[in-house]
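Peer 1: As input, take protein-v5.txt (compact mmCIF, C-alpha atoms):
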```
# COMPACT_ATOMS: atom_id res chain seq x y z
CA SER W 1 55.50 -33.53 -51.05
CA LYS W 2 55.46 -29.93 -49.83
CA ALA W 3 55.01 -29.13 -46.14
CA GLU W 4 54.10 -25.91 -44.35
CA PHE W 5 55.39 -25.29 -40.82
CA LYS W 6 52.63 -23.84 -38.62
CA ASN W 7 54.17 -24.18 -35.15
CA SER W 8 56.17 -26.66 -33.08
CA ASN W 9 53.11 -28.94 -32.84
CA GLU W 10 51.62 -28.61 -36.31
CA LEU W 11 52.83 -29.31 -39.83
CA ILE W 12 50.61 -29.19 -42.91
CA CYS W 13 51.56 -31.65 -45.67
CA GLU W 14 50.35 -31.42 -49.23
CA SER W 15 49.14 -34.79 -50.53
CA THR W 16 50.38 -36.01 -53.91
CA PHE W 17 47.87 -38.87 -53.99
CA GLU W 18 44.68 -36.99 -54.81
CA ALA W 19 43.76 -39.43 -57.56
CA GLU W 20 44.12 -42.47 -55.31
CA THR W 21 42.22 -43.62 -52.25
CA GLY W 22 43.20 -45.90 -49.41
CA VAL W 23 45.21 -45.89 -46.19
CA ARG W 24 48.91 -44.96 -46.36
CA SER W 25 51.65 -44.48 -43.81
CA PHE W 26 53.80 -41.39 -44.20
CA TRP W 27 57.23 -40.13 -43.23
CA ILE W 28 58.41 -36.72 -42.05
CA CYS W 29 61.92 -35.81 -43.19
CA ALA W 30 64.16 -32.95 -42.07
CA GLY W 31 67.23 -32.52 -44.20
CA LYS W 32 68.96 -35.39 -45.95
CA GLY W 33 68.79 -38.85 -44.44
CA PHE W 34 66.81 -37.92 -41.31
CA CYS W 35 63.25 -39.27 -41.58
CA LEU W 36 60.75 -40.30 -38.96
CA GLU W 37 57.88 -42.64 -39.80
CA SER W 38 54.56 -41.48 -38.43
CA GLU W 39 52.89 -43.80 -35.92
CA THR W 40 49.52 -42.97 -37.48
CA HIS W 41 48.13 -43.65 -40.92
CA TYR W 42 46.44 -41.15 -43.17
CA ASN W 43 43.31 -42.10 -45.07
CA PHE W 44 43.64 -40.63 -48.55
CA THR W 45 40.24 -39.92 -50.04
CA GLU W 46 39.04 -38.75 -53.41
CA SER W 47 39.09 -35.08 -54.37
CA LEU W 48 36.16 -32.79 -53.62
CA HIS W 49 33.81 -32.49 -56.58
CA VAL W 50 30.72 -30.30 -56.84
CA PHE W 51 28.04 -31.76 -59.11
CA HIS W 52 25.37 -29.07 -59.02
CA VAL W 53 25.05 -25.44 -57.97
CA THR W 54 21.65 -23.84 -58.44
CA PRO W 55 20.61 -21.12 -59.03
CA LYS W 56 23.64 -19.36 -60.47
CA THR W 57 22.16 -15.87 -60.42
CA GLY W 58 20.72 -13.47 -57.87
CA PRO W 59 20.27 -9.78 -57.06
CA ILE W 60 23.22 -7.57 -56.11
CA SER W 61 21.58 -7.12 -52.69
CA GLY W 62 22.41 -10.78 -51.93
CA GLY W 63 20.14 -13.16 -50.04
CA THR W 64 19.76 -15.83 -52.75
CA GLU W 65 19.68 -19.37 -51.32
CA ILE W 66 21.90 -21.63 -53.40
CA ASP W 67 21.81 -25.43 -53.30
CA VAL W 68 25.16 -27.23 -53.51
CA THR W 69 25.52 -30.97 -54.25
CA CYS W 70 28.93 -32.59 -53.84
CA ASN W 71 30.59 -35.95 -53.25
CA PHE W 72 31.50 -35.24 -49.60
CA PRO W 73 29.08 -34.95 -46.66
CA ILE W 74 28.39 -31.36 -45.69
CA GLY W 75 29.82 -30.79 -42.22
CA ASP W 76 31.41 -28.01 -40.21
CA ASN W 77 33.78 -25.59 -41.89
CA ALA W 78 31.99 -25.76 -45.25
CA PHE W 79 31.83 -22.59 -47.35
CA CYS W 80 30.79 -21.19 -50.71
CA PHE W 81 33.16 -18.55 -52.05
CA PHE W 82 31.72 -15.75 -54.19
CA GLY W 83 34.96 -14.31 -55.46
CA ASP W 84 36.73 -13.67 -52.15
CA GLN W 85 33.53 -13.45 -50.07
CA ALA W 86 32.76 -16.55 -48.00
CA ALA W 87 29.28 -17.82 -47.09
CA MET W 88 28.76 -20.80 -44.77
CA ILE W 89 27.13 -23.94 -46.20
CA SER W 90 24.50 -25.62 -44.02
CA PRO W 91 23.19 -29.16 -44.58
CA LYS W 92 19.83 -29.02 -46.33
CA ALA W 93 17.06 -30.41 -44.13
CA GLY W 94 15.30 -33.45 -45.52
CA PHE W 95 18.04 -34.27 -48.05
CA SER W 96 21.14 -36.44 -48.03
CA GLY W 97 24.22 -35.18 -46.22
CA GLN W 98 25.86 -34.30 -49.52
CA ILE W 99 23.40 -31.51 -50.28
CA GLY W 100 23.68 -28.16 -48.54
CA SER W 101 22.79 -24.53 -49.10
CA CYS W 102 24.54 -21.20 -48.77
CA THR W 103 23.26 -17.64 -49.14
CA SER W 104 24.80 -15.22 -51.59
CA PRO W 105 26.35 -12.15 -49.94
CA PRO W 106 25.70 -8.66 -51.32
CA TYR W 107 27.87 -7.77 -54.27
CA SER W 108 30.88 -6.05 -52.75
CA ASN W 109 31.34 -3.29 -55.32
CA ASP W 110 29.05 -0.28 -55.42
CA SER W 111 27.27 -1.10 -58.67
CA ASP W 112 23.76 -1.36 -60.05
CA GLN W 113 24.91 -3.27 -63.14
CA PHE W 114 25.34 -6.95 -63.94
CA ALA W 115 28.46 -8.59 -62.49
CA VAL W 116 29.89 -12.12 -62.65
CA VAL W 117 32.06 -13.66 -59.92
CA ASP W 118 33.71 -17.07 -59.53
CA LEU W 119 31.78 -19.44 -57.27
CA SER W 120 33.69 -22.31 -55.61
CA VAL W 121 33.20 -24.60 -52.61
CA SER W 122 35.51 -25.46 -49.72
CA LEU W 123 35.02 -28.24 -47.15
CA GLY W 124 37.72 -28.04 -44.51
CA HIS W 125 41.08 -28.41 -46.29
CA TYR W 126 39.38 -29.58 -49.48
CA HIS W 127 38.63 -27.18 -52.32
CA SER W 128 36.36 -28.02 -55.23
CA GLN W 129 37.93 -28.89 -58.54
CA GLU W 130 35.06 -27.07 -60.25
CA VAL W 131 34.61 -23.30 -60.38
CA PHE W 132 31.21 -21.97 -61.40
CA HIS W 133 30.11 -18.47 -62.37
CA PHE W 134 27.52 -16.61 -60.29
CA ARG W 135 25.79 -13.72 -62.04
CA TYR W 136 24.65 -10.76 -59.97
CA HIS W 137 21.87 -8.74 -61.52
CA PRO W 138 20.54 -5.31 -60.53
CA ILE W 139 17.35 -5.17 -58.52
CA VAL W 140 14.28 -4.76 -60.70
CA GLU W 141 11.86 -2.08 -59.56
CA ILE W 142 8.51 -1.18 -61.07
CA SER W 143 7.13 2.28 -60.46
CA ALA W 144 4.03 2.88 -62.61
CA MET W 145 1.60 1.18 -64.96
CA SER W 146 -1.41 1.85 -67.10
CA MET W 147 -3.91 -0.15 -69.14
CA MET W 148 -3.31 0.04 -72.89
CA GLU W 149 -6.07 0.74 -75.43
CA ASN W 150 -6.78 -2.94 -76.09
CA ALA W 151 -7.85 -3.28 -72.41
CA SER W 152 -5.95 -6.56 -72.08
CA THR W 153 -2.36 -5.39 -71.75
CA LEU W 154 -0.72 -3.48 -68.91
CA GLN W 155 2.15 -1.14 -69.70
CA VAL W 156 4.51 -1.51 -66.72
CA LEU W 157 7.31 1.03 -66.20
CA GLY W 158 10.35 0.62 -63.98
CA LYS W 159 14.11 0.09 -64.16
CA ASN W 160 16.64 -2.72 -64.69
CA ILE W 161 14.08 -4.97 -66.41
CA PRO W 162 16.14 -7.82 -67.96
CA TYR W 163 15.77 -9.01 -71.53
CA ASN W 164 17.21 -12.51 -71.19
CA PRO W 165 15.40 -14.43 -69.94
CA ILE W 166 12.27 -12.31 -70.41
CA PRO W 167 10.40 -11.99 -67.10
CA THR W 168 6.88 -13.21 -66.52
CA CYS W 169 4.14 -11.20 -64.86
CA ILE W 170 2.15 -11.78 -61.71
CA VAL W 171 -1.16 -9.99 -62.07
CA GLY W 172 -3.53 -10.34 -59.15
CA ASN W 173 -3.31 -13.96 -58.05
CA VAL W 174 -2.45 -15.24 -61.53
CA GLU W 175 1.26 -16.11 -61.98
CA GLU W 176 3.55 -16.84 -64.93
CA LEU W 177 1.68 -14.65 -67.39
CA ARG W 178 3.48 -13.93 -70.64
CA ALA W 179 5.17 -10.58 -71.08
CA THR W 180 6.65 -8.55 -73.91
CA TRP W 181 9.97 -6.86 -73.16
CA ILE W 182 10.18 -3.34 -74.59
CA SER W 183 13.24 -1.83 -72.88
CA PRO W 184 15.07 -1.92 -69.52
CA ASN W 185 12.44 0.59 -68.38
CA GLU W 186 9.28 -0.93 -69.87
CA ILE W 187 7.51 -4.27 -70.15
CA TRP W 188 3.98 -5.20 -71.28
CA CYS W 189 2.02 -7.67 -69.19
CA PHE W 190 -1.08 -9.56 -70.32
CA SER W 191 -4.03 -8.85 -68.03
CA PRO W 192 -6.59 -11.66 -67.58
CA PRO W 193 -10.09 -10.37 -68.46
CA GLU W 194 -11.58 -11.79 -65.27
CA LEU W 195 -9.57 -9.36 -63.14
CA THR W 196 -11.44 -6.18 -62.30
CA GLY W 197 -11.03 -3.41 -59.77
CA ALA W 198 -7.74 -3.02 -57.91
CA PHE W 199 -5.11 -5.77 -58.05
CA PRO W 200 -1.36 -6.03 -57.39
CA VAL W 201 1.17 -6.43 -60.20
CA ALA W 202 4.78 -7.64 -59.99
CA ILE W 203 7.25 -9.28 -62.34
CA LYS W 204 9.21 -12.49 -61.85
CA TYR W 205 12.70 -12.68 -63.29
CA GLY W 206 16.16 -14.22 -63.01
CA GLU W 207 17.87 -17.27 -64.51
CA GLU W 208 15.61 -19.60 -62.54
CA GLY W 209 12.61 -17.27 -62.81
CA ASP W 210 12.26 -17.13 -59.05
CA THR W 211 13.13 -13.52 -58.15
CA LEU W 212 10.33 -11.06 -57.52
CA SER W 213 10.26 -7.33 -58.14
CA ASN W 214 8.40 -5.04 -55.84
CA SER W 215 4.63 -5.03 -56.22
CA ILE W 216 2.38 -2.07 -56.97
CA VAL W 217 -1.40 -1.93 -57.17
CA PHE W 218 -3.27 -1.23 -60.38
CA ASN W 219 -6.47 0.66 -59.71
```
Represent the supplied structure as structure tokens.

Peer 2:
Amino acid sequence: SKAEFKNSNELICESTFEAETGVRSFWICAGKGFCLESETHYNFTESLHVFHVTPKTGPISGGTEIDVTCNFPIGDNAFCFFGDQAAMISPKAGFSGQIGSCTSPPYSNDSDQFAVVDLSVSLGHYHSQEVFHFRYHPIVEISAMSMMENASTLQVLGKNIPYNPIPTCIVGNVEELRATWISPNEIWCFSPPELTGAFPVAIKYGEEGDTLSNSIVFN
């Protein structure tokens, strides 16, 4: 197998037994016919596999907590890679050692549009066989609203309002209210009749429906 010389005390060998597990002895050879058997044994383990990554979307500002489930315990030197940006994975409190979380970094390019990057996982010298896609979306902002003539629908204006999946509205203390998408700059939110006076309005969006826009007060 291939070997990489690091220094006089360190040599990195590439295993050719990824599909097999068990303890094996190994030899180090220099040139033809000169081989030295190692006095230690190497424990070949299975390859790193990532079973679940969720959510797979977040705002371009970063800060989305992402759960990672794999077949190895999460320890030191564990990272998510968003393209070429690394984010440390920490074991998730209250769960098994094979579940951790990392936080998405800000999207590196100066953009307010949707972007997709490869998302992979590395634990020490092991790299995941699976590569996922993480979708950055622009930050949704709402700026104005008014009550429509039917007195039960709020016209909410803003920018970067996504169509798929259609957001839901948070009106007052009532969440997950249905909405009608009109354009990236307009959405209609149902207003419960029991709400009167001033109340805050925001929209919830994203692949997992767990990202909040800013909130403004209807009065």

Peer 1: So which one's closest to W:Gly172, W:Thr196, W:Asn150, W:Asn160, W:Thr211? Using all atoms listed in the file, please.

Peer 2: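 Nearest candidate to W:Gly172 out of W:Thr196, W:Asn150, W:Asn160, W:Thr211: W:Thr196.
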
Peer 1: If you count all atoms listed in the file, which residues fall within 7 Å of W:Asn185, apart from same-chain ones fewer than 2 positions away, as a list in words?

Peer 2: Leu157, Gly158, Lys159, Asn160, Ile161 and Ser183 of chain W

Peer 1: Would you please work out which residue, of W:His52, W:Arg178, W:Lys204, W:His133, is nearest to W:Thr69 when using all atoms listed in the file?

Peer 2: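 Nearest to W:Thr69: W:His52.
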
Peer 1: Please check which residues have atoms at most 6 Å from (5.0, -11.8, -66.4) in the file's coordinates, counting only C-alpha atoms, and write them as a list in words.

Peer 2: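 Residues satisfying the cut-off, written out: Pro167, Thr168, Cys169, Ile170, Glu176, Leu177, Arg178, Ala179, Cys189 and Ile203 of chain W.
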
Peer 1: Quick one: residues within 8 Å of W:Trp181, all atoms listed in the file, excluding same-chain residues fewer than 5 positions away - as a list in words?

Peer 2: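 Counting only the stated atoms, we get Tyr163, Ile166, Pro167, Glu186, Ile187 and Trp188 of chain W.
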
Peer 1: What's the separation between atom CA of W:Ser213 and atom CA of W:Val117, in Å to one decimal place?

Peer 2: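 So the answer is 22.8 Å.
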
Peer 1: My list of candidates is W:Leu195, W:Ile99, W:Ile216, W:Ile139. Which is closest to W:Ser152 when distances are computed with all atoms listed in the file?

Peer 2: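 Smallest distance to W:Ser152 is found for W:Leu195.
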
Peer 1: Work out where the centre of an axis-aligned box around every listed atom of stretch 141-157 of chain W lies and how long its edges are once 6 Å is added on each side; give both in Å to one decimal as AutoDock Vina command-line options.

Peer 2:
```
--center_x 2.0 --center_y -1.8 --center_z -67.8 --size_x 31.7 --size_y 21.4 --size_z 28.5
```

Peer 1: Figure out the distance between atom CA of W:Phe95 and atom CA of W:Asp118, please, to one decimal in Å.

Peer 2: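 Spanning atom CA of W:Asp118 to atom CA of W:Phe95 is a straight-line distance of 25.9 Å.
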
Peer 1: With a cut-off of 12 Å, could you pull out the residues of stretch 119-214 of chain W touching stretch 53-65 of chain W and give me the nearest pair of atoms for each, distance in Å to one decimal, using all atoms listed in the file, ordered by chain and ascending number, as JSON lines?

Peer 2:
```
{"residue": "W:Leu119", "atom": "CA", "partner": "W:Lys56", "partner_atom": "CA", "distance": 8.7}
{"residue": "W:Ser120", "atom": "CA", "partner": "W:Val53", "partner_atom": "CA", "distance": 9.5}
{"residue": "W:Val121", "atom": "CA", "partner": "W:Val53", "partner_atom": "CA", "distance": 9.8}
{"residue": "W:Ser128", "atom": "CA", "partner": "W:Val53", "partner_atom": "CA", "distance": 11.9}
{"residue": "W:Glu130", "atom": "CA", "partner": "W:Val53", "partner_atom": "CA", "distance": 10.4}
{"residue": "W:Val131", "atom": "CA", "partner": "W:Val53", "partner_atom": "CA", "distance": 10.1}
{"residue": "W:Phe132", "atom": "CA", "partner": "W:Val53", "partner_atom": "CA", "distance": 7.9}
{"residue": "W:His133", "atom": "CA", "partner": "W:Lys56", "partner_atom": "CA", "distance": 6.8}
{"residue": "W:Phe134", "atom": "CA", "partner": "W:Lys56", "partner_atom": "CA", "distance": 4.8}
{"residue": "W:Arg135", "atom": "CA", "partner": "W:Thr57", "partner_atom": "CA", "distance": 4.5}
{"residue": "W:Tyr136", "atom": "CA", "partner": "W:Ile60", "partner_atom": "CA", "distance": 5.2}
{"residue": "W:His137", "atom": "CA", "partner": "W:Pro59", "partner_atom": "CA", "distance": 4.9}
{"residue": "W:Pro138", "atom": "CA", "partner": "W:Ile60", "partner_atom": "CA", "distance": 5.6}
{"residue": "W:Ile139", "atom": "CA", "partner": "W:Pro59", "partner_atom": "CA", "distance": 5.6}
{"residue": "W:Val140", "atom": "CA", "partner": "W:Pro59", "partner_atom": "CA", "distance": 8.6}
{"residue": "W:Glu141", "atom": "CA", "partner": "W:Pro59", "partner_atom": "CA", "distance": 11.7}
{"residue": "W:Asn160", "atom": "CA", "partner": "W:Pro59", "partner_atom": "CA", "distance": 11.0}
{"residue": "W:Pro162", "atom": "CA", "partner": "W:Pro59", "partner_atom": "CA", "distance": 11.8}
{"residue": "W:Pro165", "atom": "CA", "partner": "W:Thr57", "partner_atom": "CA", "distance": 11.8}
{"residue": "W:Tyr205", "atom": "CA", "partner": "W:Gly58", "partner_atom": "CA", "distance": 9.7}
{"residue": "W:Gly206", "atom": "CA", "partner": "W:Thr57", "partner_atom": "CA", "distance": 6.7}
{"residue": "W:Glu207", "atom": "CA", "partner": "W:Thr57", "partner_atom": "CA", "distance": 6.1}
{"residue": "W:Glu208", "atom": "CA", "partner": "W:Pro55", "partner_atom": "CA", "distance": 6.3}
{"residue": "W:Gly209", "atom": "CA", "partner": "W:Pro55", "partner_atom": "CA", "distance": 9.6}
{"residue": "W:Asp210", "atom": "CA", "partner": "W:Pro55", "partner_atom": "CA", "distance": 9.3}
{"residue": "W:Thr211", "atom": "CA", "partner": "W:Gly58", "partner_atom": "CA", "distance": 7.6}
{"residue": "W:Leu212", "atom": "CA", "partner": "W:Pro59", "partner_atom": "CA", "distance": 10.0}
{"residue": "W:Ser213", "atom": "CA", "partner": "W:Pro59", "partner_atom": "CA", "distance": 10.4}
```

Peer 1: So how many Å separate atom CA of W:Ser146 and atom CA of W:Ser215, to one decimal?

Peer 2: 14.2 Å
